[in-house]
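*Asks:* Below is a structure I'd like to ask you about.
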Amino acid sequence: MKLPKIREIIEAVKALVHKPYTSNFPFKPHVPHPNFRGQPVYDPEKCVGCLACEEVCPSDALSHKDLIDDGRPRRQMIHYTDSCIFCGTCEAACIVDNQGIRLSQEWELSFFDRSTAFESIEKDLQLCEMCGSVIGCKDHLTWIAEKIGELAFSSPTLYQSRLKSIGIIDDNIVGVLKDFGRSDRVKILCARCRRKTTLTSDIVPFNLIGDGAK
Amino acid sequence: MAKSVITIGPYHPLQEEPELFRLTIEGEKVLNIDVMVGYNHRGIEKLSESRTFDQATFVIERICGICSTSHPFAYTRAVEDIIGLEVPERAKYIRTIVAEIERIHSHLLWMGLAGHFLGYNTVYMWVWKLREEILDVLEALTGNRNNYAMFKPGGVRRDINPDDISFVLKKIDGILPTIEMLKKAILDDPVLHARLKGIGTFTREEAIDYCALGPTSRASGVARDVRKDTAYGAYDRIDWDMIVTENGDVFDKAVIRILETYESVKIVKTCLQNLPGGEIDLNITSIPPGEGIGAHEAPRGETFHYVRSDGTNRPVRHKVRAPTFMNLPTLKATVPGCTISDATIILAAIDPCYCCTERMVAVRSPEGDLLYNGDDLVRLSQEKTASIMKRMGIK
């Protein structure tokens, strides 16, 4: 009976002398462990806008909007910080060496207005030159072309994206090639228009429809 | 003496979770207890059927905040059972490490709460201070204090860095003296002996009849532990003991949990020191049609998952049975006969987790009919209308 009391008194005295175990939080910032999984953050340079992260997200915290109506077609990649569970699946699924979206050390995410609880980046979109529908992000097409190397030259969409990105050709290439046969194939096309142009040659591009009507 | 009924809950400032206890008492003595759950049904099974096999792990993890490794462990075992594969050795060890560290933190949490219920708030504060260290270890290993996101069908998501191993070993060695002090302080205390011994005794026969699980059954002398009974994880590769006591009272349940903490520390240390190299994930690409079962010994008992696949990327049926589902009815055997003041600690002694338990249950009558099916409900409703009309004299 005597010994137990001494043991507990020692612990109690230790607790008296020590400063409180809790941290002085609002006044002293909390630094999480380096392995901590904080909220994911897009890297606007490295992200190619492929939407792999959105596909795997278990809590639907990632989404995107394609803004194509105001002259500069772009894809807004949105991360909703309120529904994110910091699981890291997006980082694991990222196609650009897990660098496009990365978990950060950020954890202070409180907000007053739920409608503001999101973060977004914008990536330039590539539209089909024939029908105007979305093909993918420009960076994504370039990434595929780089990834598959010379195989990209089998697809005008891919090699033109790549050549444009390194500055060898510009947007006027269609004008230069206008008088050559099957120049309609040397374009950035969506899969459906590519099938049409390959099989038939008498398709009028949508940007010439207006001239033809005049 | 007249009988009266005390109703506690379903929403009560003292309760962490919504549940309803109805104690029928005569004076100070409890004659009967009714426990009602169902206030917290979240439709987890349905939700998991709407996610892919990989994504469902995160929903499953959120069935319980405290055993957030146990449910994914059982679920991933069920999915691997469908495919019929063995996860890599390193993944098995990492799974075991996370599961056992979680058991330490869960048992410490229970010890703190038990101290609080008994009026030993110092124990409560000291144990929970100790638990913070364990949560720091979990944060270092998995990246979060809770909801570890470590498990996936076919392996684990995160590897353990060699640098972290020394950190974790140091932390765990650091808390051992404090656990030792607490163990002695709790087990030597004459007041606790007087307060807990012989309270809420649950006999071996009752444990078998009620199909009690985990520490609740092991305290009554039923040696039932999934970790020993089926070989999974790294449990069959290392040396550890199953703790079994004979008396079945609240004191024995406390002893079981304290001693199991030591076993878990032993398992974690052995696993970390003998961590094999190699792959941590099999990268499962497709899951064939079929059904699988998986079980894991959670801190509260056996967690059981059943998953059926039709060959698509989503489960068509997912059934969860949490340990408290089996342990809750044991209160019917332990609480009647005790005093109201003892009822609190007996209720707490099974370490109940009500939100895990919130499952849809269909009860069958001896004839095999479902009691109260949809038609019965409609009939009951129509009969009530008819009786009101009759009372009001309307034809």
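Starting from 1 in every chain, residues are counted up; chains themselves are A, B, ... following the order of the structure tokens, and ligands are numbered from 1 as listed.
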Compile the residues of chain B that lie within 6 Å of chain A, evaluated using only C-alpha atoms, and express the compilation as a ChimeraX atom specification.
*Replies:* /B:55,140,143,149
*Asks:* For region 112-123 of chain A, work out the shell of residues within 9 Å, counting only C-alpha atoms and skipping chain neighbours fewer than 3 positions away, then give it as a PDB file with N, CA and C atoms, in the first residue's frame.
*Replies:*
ATOM      1  N   VAL A  41      -2.936  20.177 -53.099  1.00  0.00           N
ATOM      2  CA  VAL A  41      -2.812  21.442 -53.811  1.00  0.00           C
ATOM      3  C   VAL A  41      -2.369  21.138 -55.241  1.00  0.00           C
ATOM      4  N   TYR A  42      -3.039  21.770 -56.222  1.00  0.00           N
ATOM      5  CA  TYR A  42      -2.649  21.612 -57.617  1.00  0.00           C
ATOM      6  C   TYR A  42      -1.361  22.379 -57.877  1.00  0.00           C
ATOM      7  N   ASP A  43      -0.521  21.833 -58.724  1.00  0.00           N
ATOM      8  CA  ASP A  43       0.641  22.563 -59.219  1.00  0.00           C
ATOM      9  C   ASP A  43       0.272  23.061 -60.611  1.00  0.00           C
ATOM     10  N   PRO A  44       0.057  24.386 -60.784  1.00  0.00           N
ATOM     11  CA  PRO A  44      -0.449  24.864 -62.084  1.00  0.00           C
ATOM     12  C   PRO A  44       0.542  24.608 -63.212  1.00  0.00           C
ATOM     13  N   CYS A  47       0.551  20.222 -63.537  1.00  0.00           N
ATOM     14  CA  CYS A  47      -0.729  19.581 -63.831  1.00  0.00           C
ATOM     15  C   CYS A  47      -1.022  19.689 -65.320  1.00  0.00           C
ATOM     16  N   VAL A  48      -1.500  18.603 -65.928  1.00  0.00           N
ATOM     17  CA  VAL A  48      -1.838  18.646 -67.340  1.00  0.00           C
ATOM     18  C   VAL A  48      -3.349  18.616 -67.563  1.00  0.00           C
ATOM     19  N   GLY A  49      -4.131  18.571 -66.503  1.00  0.00           N
ATOM     20  CA  GLY A  49      -5.581  18.613 -66.642  1.00  0.00           C
ATOM     21  C   GLY A  49      -6.184  17.357 -67.217  1.00  0.00           C
ATOM     22  N   HIS A  64     -14.339  19.638 -62.306  1.00  0.00           N
ATOM     23  CA  HIS A  64     -13.800  20.584 -63.280  1.00  0.00           C
ATOM     24  C   HIS A  64     -14.945  21.241 -64.032  1.00  0.00           C
ATOM     25  N   PRO A  73     -10.687  29.410 -74.417  1.00  0.00           N
ATOM     26  CA  PRO A  73     -11.189  28.154 -73.853  1.00  0.00           C
ATOM     27  C   PRO A  73     -10.238  27.627 -72.783  1.00  0.00           C
ATOM     28  N   ARG A  74     -10.768  27.341 -71.606  1.00  0.00           N
ATOM     29  CA  ARG A  74      -9.907  26.859 -70.526  1.00  0.00           C
ATOM     30  C   ARG A  74     -10.684  25.931 -69.618  1.00  0.00           C
ATOM     31  N   ARG A  75      -9.954  25.071 -68.938  1.00  0.00           N
ATOM     32  CA  ARG A  75     -10.561  24.121 -68.004  1.00  0.00           C
ATOM     33  C   ARG A  75     -10.209  24.562 -66.592  1.00  0.00           C
ATOM     34  N   GLN A  76     -11.269  24.733 -65.787  1.00  0.00           N
ATOM     35  CA  GLN A  76     -11.053  25.099 -64.388  1.00  0.00           C
ATOM     36  C   GLN A  76     -11.045  23.818 -63.566  1.00  0.00           C
ATOM     37  N   MET A  77      -9.915  23.510 -62.942  1.00  0.00           N
ATOM     38  CA  MET A  77      -9.801  22.323 -62.092  1.00  0.00           C
ATOM     39  C   MET A  77     -10.103  22.759 -60.664  1.00  0.00           C
ATOM     40  N   ILE A  78     -11.134  22.177 -60.070  1.00  0.00           N
ATOM     41  CA  ILE A  78     -11.604  22.662 -58.770  1.00  0.00           C
ATOM     42  C   ILE A  78     -11.348  21.614 -57.701  1.00  0.00           C
ATOM     43  N   HIS A  79     -10.867  22.063 -56.579  1.00  0.00           N
ATOM     44  CA  HIS A  79     -10.704  21.185 -55.410  1.00  0.00           C
ATOM     45  C   HIS A  79     -11.556  21.748 -54.282  1.00  0.00           C
ATOM     46  N   TYR A  80     -12.588  21.004 -53.877  1.00  0.00           N
ATOM     47  CA  TYR A  80     -13.463  21.464 -52.798  1.00  0.00           C
ATOM     48  C   TYR A  80     -12.841  21.090 -51.467  1.00  0.00           C
ATOM     49  N   THR A  81     -12.424  22.081 -50.710  1.00  0.00           N
ATOM     50  CA  THR A  81     -11.710  21.786 -49.462  1.00  0.00           C
ATOM     51  C   THR A  81     -12.649  21.280 -48.377  1.00  0.00           C
ATOM     52  N   ASP A  82     -13.967  21.499 -48.536  1.00  0.00           N
ATOM     53  CA  ASP A  82     -14.876  21.052 -47.474  1.00  0.00           C
ATOM     54  C   ASP A  82     -15.165  19.563 -47.551  1.00  0.00           C
ATOM     55  N   LEU A 109      -8.202  24.970 -42.292  1.00  0.00           N
ATOM     56  CA  LEU A 109      -9.068  25.158 -43.454  1.00  0.00           C
ATOM     57  C   LEU A 109     -10.443  25.679 -43.062  1.00  0.00           C
ATOM     58  N   CYS A 137      -6.869  19.146 -72.484  1.00  0.00           N
ATOM     59  CA  CYS A 137      -6.031  20.293 -72.203  1.00  0.00           C
ATOM     60  C   CYS A 137      -4.826  20.276 -73.136  1.00  0.00           C
ATOM     61  N   LYS A 138      -4.351  21.465 -73.494  1.00  0.00           N
ATOM     62  CA  LYS A 138      -3.199  21.551 -74.409  1.00  0.00           C
ATOM     63  C   LYS A 138      -1.995  20.843 -73.813  1.00  0.00           C
ATOM     64  N   ASP A 139      -1.804  21.039 -72.520  1.00  0.00           N
ATOM     65  CA  ASP A 139      -0.657  20.407 -71.850  1.00  0.00           C
ATOM     66  C   ASP A 139      -0.770  18.890 -71.872  1.00  0.00           C
TER      67      ASP A 139
END
*Asks:* Would you mind writing down, as an NGL selection string, each residue of region 242-350 of chain B that DSSP on the backbone assigns to helix (DSSP H, G or I)?
*Replies:* :B and (250-273 or 323-334 or 340-349)
*Asks:* Selection from above, N, CA and C atoms, as a compact mmCIF listing (two decimals), in the first residue's frame, can you write it?
*Replies:*
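File result_9.txt, as written:
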# COMPACT_ATOMS: atom_id res chain seq x y z
N VAL B 250 -16.15 -6.86 -14.39
CA VAL B 250 -15.61 -5.65 -15.01
C VAL B 250 -14.11 -5.55 -14.77
N PHE B 251 -13.67 -6.00 -13.59
CA PHE B 251 -12.24 -5.93 -13.28
C PHE B 251 -11.43 -6.75 -14.28
N ASP B 252 -11.94 -7.94 -14.61
CA ASP B 252 -11.21 -8.78 -15.54
C ASP B 252 -11.18 -8.17 -16.93
N LYS B 253 -12.26 -7.51 -17.30
CA LYS B 253 -12.27 -6.86 -18.62
C LYS B 253 -11.23 -5.76 -18.67
N ALA B 254 -11.07 -5.06 -17.55
CA ALA B 254 -10.02 -4.03 -17.49
C ALA B 254 -8.64 -4.66 -17.56
N VAL B 255 -8.46 -5.78 -16.83
CA VAL B 255 -7.16 -6.46 -16.84
C VAL B 255 -6.81 -6.90 -18.25
N ILE B 256 -7.81 -7.49 -18.93
CA ILE B 256 -7.59 -7.95 -20.31
C ILE B 256 -7.08 -6.81 -21.17
N ARG B 257 -7.73 -5.66 -21.06
CA ARG B 257 -7.36 -4.56 -21.95
C ARG B 257 -5.98 -4.03 -21.61
N ILE B 258 -5.67 -3.96 -20.31
CA ILE B 258 -4.34 -3.45 -19.94
C ILE B 258 -3.26 -4.41 -20.43
N LEU B 259 -3.47 -5.71 -20.21
CA LEU B 259 -2.44 -6.67 -20.61
C LEU B 259 -2.34 -6.78 -22.13
N GLU B 260 -3.46 -6.62 -22.82
CA GLU B 260 -3.41 -6.67 -24.29
C GLU B 260 -2.60 -5.52 -24.86
N THR B 261 -2.62 -4.38 -24.15
CA THR B 261 -1.80 -3.26 -24.58
C THR B 261 -0.33 -3.68 -24.65
N TYR B 262 0.11 -4.46 -23.65
CA TYR B 262 1.50 -4.94 -23.65
C TYR B 262 1.76 -5.86 -24.83
N GLU B 263 0.80 -6.76 -25.09
CA GLU B 263 0.98 -7.67 -26.22
C GLU B 263 1.08 -6.90 -27.52
N SER B 264 0.24 -5.85 -27.65
CA SER B 264 0.27 -5.05 -28.87
C SER B 264 1.61 -4.35 -29.02
N VAL B 265 2.12 -3.82 -27.90
CA VAL B 265 3.44 -3.18 -27.95
C VAL B 265 4.48 -4.19 -28.43
N LYS B 266 4.37 -5.42 -27.91
CA LYS B 266 5.33 -6.47 -28.29
C LYS B 266 5.22 -6.76 -29.79
N ILE B 267 3.96 -6.89 -30.28
CA ILE B 267 3.77 -7.20 -31.71
C ILE B 267 4.33 -6.09 -32.57
N VAL B 268 4.03 -4.82 -32.20
CA VAL B 268 4.50 -3.70 -33.02
C VAL B 268 6.02 -3.68 -33.07
N LYS B 269 6.65 -3.89 -31.91
CA LYS B 269 8.11 -3.81 -31.89
C LYS B 269 8.72 -4.94 -32.72
N THR B 270 8.17 -6.17 -32.57
CA THR B 270 8.71 -7.29 -33.34
C THR B 270 8.54 -7.04 -34.83
N CYS B 271 7.34 -6.55 -35.21
CA CYS B 271 7.08 -6.32 -36.63
C CYS B 271 8.03 -5.26 -37.19
N LEU B 272 8.23 -4.17 -36.43
CA LEU B 272 9.07 -3.09 -36.94
C LEU B 272 10.52 -3.55 -37.07
N GLN B 273 10.96 -4.41 -36.13
CA GLN B 273 12.35 -4.85 -36.19
C GLN B 273 12.56 -5.88 -37.30
N PRO B 323 -18.33 -5.52 -33.86
CA PRO B 323 -18.30 -6.35 -32.64
C PRO B 323 -19.37 -5.97 -31.61
N THR B 324 -19.69 -4.68 -31.52
CA THR B 324 -20.65 -4.27 -30.50
C THR B 324 -22.03 -4.86 -30.76
N PHE B 325 -22.29 -5.20 -32.04
CA PHE B 325 -23.57 -5.82 -32.37
C PHE B 325 -23.77 -7.10 -31.57
N MET B 326 -22.70 -7.85 -31.34
CA MET B 326 -22.81 -9.08 -30.56
C MET B 326 -22.65 -8.82 -29.06
N ASN B 327 -21.88 -7.78 -28.72
CA ASN B 327 -21.59 -7.55 -27.30
C ASN B 327 -22.70 -6.80 -26.59
N LEU B 328 -23.48 -6.01 -27.33
CA LEU B 328 -24.52 -5.21 -26.70
C LEU B 328 -25.56 -6.06 -25.97
N PRO B 329 -26.05 -7.16 -26.57
CA PRO B 329 -27.06 -7.95 -25.84
C PRO B 329 -26.53 -8.56 -24.54
N THR B 330 -25.20 -8.63 -24.36
CA THR B 330 -24.69 -9.22 -23.11
C THR B 330 -25.08 -8.37 -21.90
N LEU B 331 -25.46 -7.12 -22.15
CA LEU B 331 -25.89 -6.27 -21.03
C LEU B 331 -27.13 -6.87 -20.36
N LYS B 332 -27.94 -7.58 -21.14
CA LYS B 332 -29.13 -8.23 -20.59
C LYS B 332 -28.75 -9.24 -19.52
N ALA B 333 -27.56 -9.81 -19.66
CA ALA B 333 -27.12 -10.80 -18.68
C ALA B 333 -26.37 -10.16 -17.52
N THR B 334 -25.70 -9.03 -17.78
CA THR B 334 -24.82 -8.50 -16.75
C THR B 334 -25.46 -7.40 -15.91
N ILE B 340 -27.84 0.98 -9.75
CA ILE B 340 -27.78 1.96 -10.84
C ILE B 340 -26.37 2.52 -10.98
N SER B 341 -25.69 2.72 -9.84
CA SER B 341 -24.35 3.30 -9.91
C SER B 341 -23.36 2.36 -10.59
N ASP B 342 -23.61 1.04 -10.51
CA ASP B 342 -22.72 0.10 -11.19
C ASP B 342 -23.07 -0.03 -12.67
N ALA B 343 -24.31 0.31 -13.01
CA ALA B 343 -24.74 0.10 -14.40
C ALA B 343 -23.84 0.85 -15.37
N THR B 344 -23.40 2.08 -14.99
CA THR B 344 -22.59 2.89 -15.90
C THR B 344 -21.33 2.14 -16.33
N ILE B 345 -20.61 1.60 -15.32
CA ILE B 345 -19.33 0.98 -15.65
C ILE B 345 -19.55 -0.37 -16.35
N ILE B 346 -20.67 -1.04 -16.05
CA ILE B 346 -20.93 -2.30 -16.78
C ILE B 346 -21.24 -2.00 -18.24
N LEU B 347 -22.01 -0.92 -18.45
CA LEU B 347 -22.29 -0.52 -19.83
C LEU B 347 -21.00 -0.18 -20.55
N ALA B 348 -20.10 0.50 -19.84
CA ALA B 348 -18.86 0.93 -20.48
C ALA B 348 -17.89 -0.23 -20.65
N ALA B 349 -18.06 -1.30 -19.85
CA ALA B 349 -17.05 -2.36 -19.84
C ALA B 349 -17.00 -3.14 -21.15
*Asks:* Could you state the separation of CA of Arg218 (chain B) and CA of Val320 (chain B) in Å, given to one decimal place?
*Replies:*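 These atoms are spaced 22.4 Å apart.
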*Asks:* From the list A:Val17, A:Met130, A:Ile9, A:Leu158, which residue is nearest Arg194 (chain A) when using only C-alpha atoms?
*Replies:*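 Among the listed residues, A:Met130 lies closest to Arg194 (chain A).
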*Asks:* Take CA of Leu127 (chain A) and CA of Ile188 (chain A) and report the distance between them in Å, one decimal.
*Replies:*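 It comes out at 7.9 Å.
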*Asks:* Counting only C-alpha atoms, which residue out of B:Gly248, B:Gly27, B:Pro72, B:Gly278 sits closest to His305 (chain B)?
*Replies:*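 Using only C-alpha atoms, the shortest distance to His305 (chain B) belongs to B:Pro72.
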*Asks:* Which residues are near Glu17 (chain B)? Cut-off 7 Å, only C-alpha atoms, ignore same chain within fewer than 2 positions. Put them as a short mmCIF file (atom, residue, chain, number, x, y, z; two decimals) with N, CA and C atoms, in the first residue's frame.
*Replies:*
data_model
loop_
_atom_site.label_atom_id
_atom_site.label_comp_id
_atom_site.auth_asym_id
_atom_site.auth_seq_id
_atom_site.Cartn_x
_atom_site.Cartn_y
_atom_site.Cartn_z
N GLN B 15 -23.61 11.47 -23.06
CA GLN B 15 -23.32 10.39 -24.00
C GLN B 15 -22.58 10.91 -25.21
N GLU B 19 -27.92 6.85 -28.11
CA GLU B 19 -28.45 5.53 -27.83
C GLU B 19 -29.40 5.68 -26.66
N TYR B 354 -21.62 2.51 -30.70
CA TYR B 354 -22.97 2.37 -31.22
C TYR B 354 -23.07 2.68 -32.70
#
*Asks:* Excluding Phe73 (chain B) and any residue of its chain fewer than 6 positions from it, enumerate the residues within 9 Å of it, using only C-alpha atoms, and give them as a ChimeraX atom specification.
*Replies:* /B:95,99,151-152,294-296,303
*Asks:* Now that the selection is made, can you save its residues with C-alpha atoms as a PDB file, in the first residue's frame?
*Replies:*
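File written: part37.pdb
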ATOM      1  CA  ARG B  95      -1.106  -3.754 -41.810  1.00  0.00           C
ATOM      2  CA  ALA B  99      -3.761  -2.392 -36.509  1.00  0.00           C
ATOM      3  CA  PHE B 151      -5.424   0.017 -46.548  1.00  0.00           C
ATOM      4  CA  LYS B 152      -6.366  -0.877 -50.089  1.00  0.00           C
ATOM      5  CA  GLY B 294     -13.097 -11.122 -44.132  1.00  0.00           C
ATOM      6  CA  ALA B 295     -12.657 -10.822 -40.402  1.00  0.00           C
ATOM      7  CA  HIS B 296     -10.327  -8.919 -38.157  1.00  0.00           C
ATOM      8  CA  THR B 303     -15.266  -7.308 -37.156  1.00  0.00           C
TER       9      THR B 303
END
*Asks:* For region 58-69 of chain B, list every protein, DNA or RNA residue within 9 Å, evaluated using only C-alpha atoms, and leave out those in the same chain fewer than 6 positions away; present the list as a PyMOL selection string.
*Replies:* (chain A and resi 58-59+85+87) or (chain B and resi 42+44-45+47-48+51+75+95+98-99+102-103+105-106+109+146-151+298-300+353+355-357)
*Asks:* Grab the CA of Asp54 (chain B) to CA of Pro153 (chain B) distance for me, in Å with one decimal place.
*Replies:*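 Calculated distance between CA of Asp54 (chain B) and CA of Pro153 (chain B) is 6.6 Å.
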*Asks:* I need the residue nearest Arg157 (chain B) from this list: B:Ile179, B:Leu282, B:Leu85, B:Ile199. Use only C-alpha atoms for the distance.
*Replies:*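 Nearest to Arg157 (chain B): B:Leu282.
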*Asks:* How would you write, as an MDAnalysis selection string, the set of residues in region 33-277 of chain B that DSSP gives as strand (DSSP E)?
*Replies:* chainID B and resid 33:36 151:152 155:156
*Asks:* May I have the residues from that selection written out with N, CA and C atoms, as an mmCIF file, in the first residue's frame?
*Replies:*
data_model
loop_
_atom_site.group_PDB
_atom_site.id
_atom_site.type_symbol
_atom_site.label_atom_id
_atom_site.label_comp_id
_atom_site.auth_asym_id
_atom_site.auth_seq_id
_atom_site.Cartn_x
_atom_site.Cartn_y
_atom_site.Cartn_z
ATOM 1 N N ILE B 33 -32.941 -4.142 -18.272
ATOM 2 C CA ILE B 33 -32.389 -3.058 -19.096
ATOM 3 C C ILE B 33 -32.816 -3.274 -20.539
ATOM 4 N N ASP B 34 -33.168 -2.197 -21.177
ATOM 5 C CA ASP B 34 -33.443 -2.241 -22.613
ATOM 6 C C ASP B 34 -32.510 -1.257 -23.283
ATOM 7 N N VAL B 35 -31.808 -1.718 -24.284
ATOM 8 C CA VAL B 35 -30.930 -0.828 -25.046
ATOM 9 C C VAL B 35 -31.539 -0.688 -26.424
ATOM 10 N N MET B 36 -31.686 0.546 -26.855
ATOM 11 C CA MET B 36 -32.217 0.750 -28.198
ATOM 12 C C MET B 36 -31.216 1.557 -29.001
ATOM 13 N N PHE B 151 -5.068 1.304 -45.970
ATOM 14 C CA PHE B 151 -5.424 0.017 -46.548
ATOM 15 C C PHE B 151 -5.987 0.182 -47.943
ATOM 16 N N LYS B 152 -5.699 -0.779 -48.803
ATOM 17 C CA LYS B 152 -6.366 -0.877 -50.089
ATOM 18 C C LYS B 152 -6.403 -2.352 -50.447
ATOM 19 N N GLY B 155 -3.032 -4.564 -50.783
ATOM 20 C CA GLY B 155 -1.821 -4.086 -50.123
ATOM 21 C C GLY B 155 -2.080 -2.885 -49.248
ATOM 22 N N VAL B 156 -1.080 -2.027 -49.162
ATOM 23 C CA VAL B 156 -1.235 -0.785 -48.406
ATOM 24 C C VAL B 156 -0.848 0.384 -49.304
#
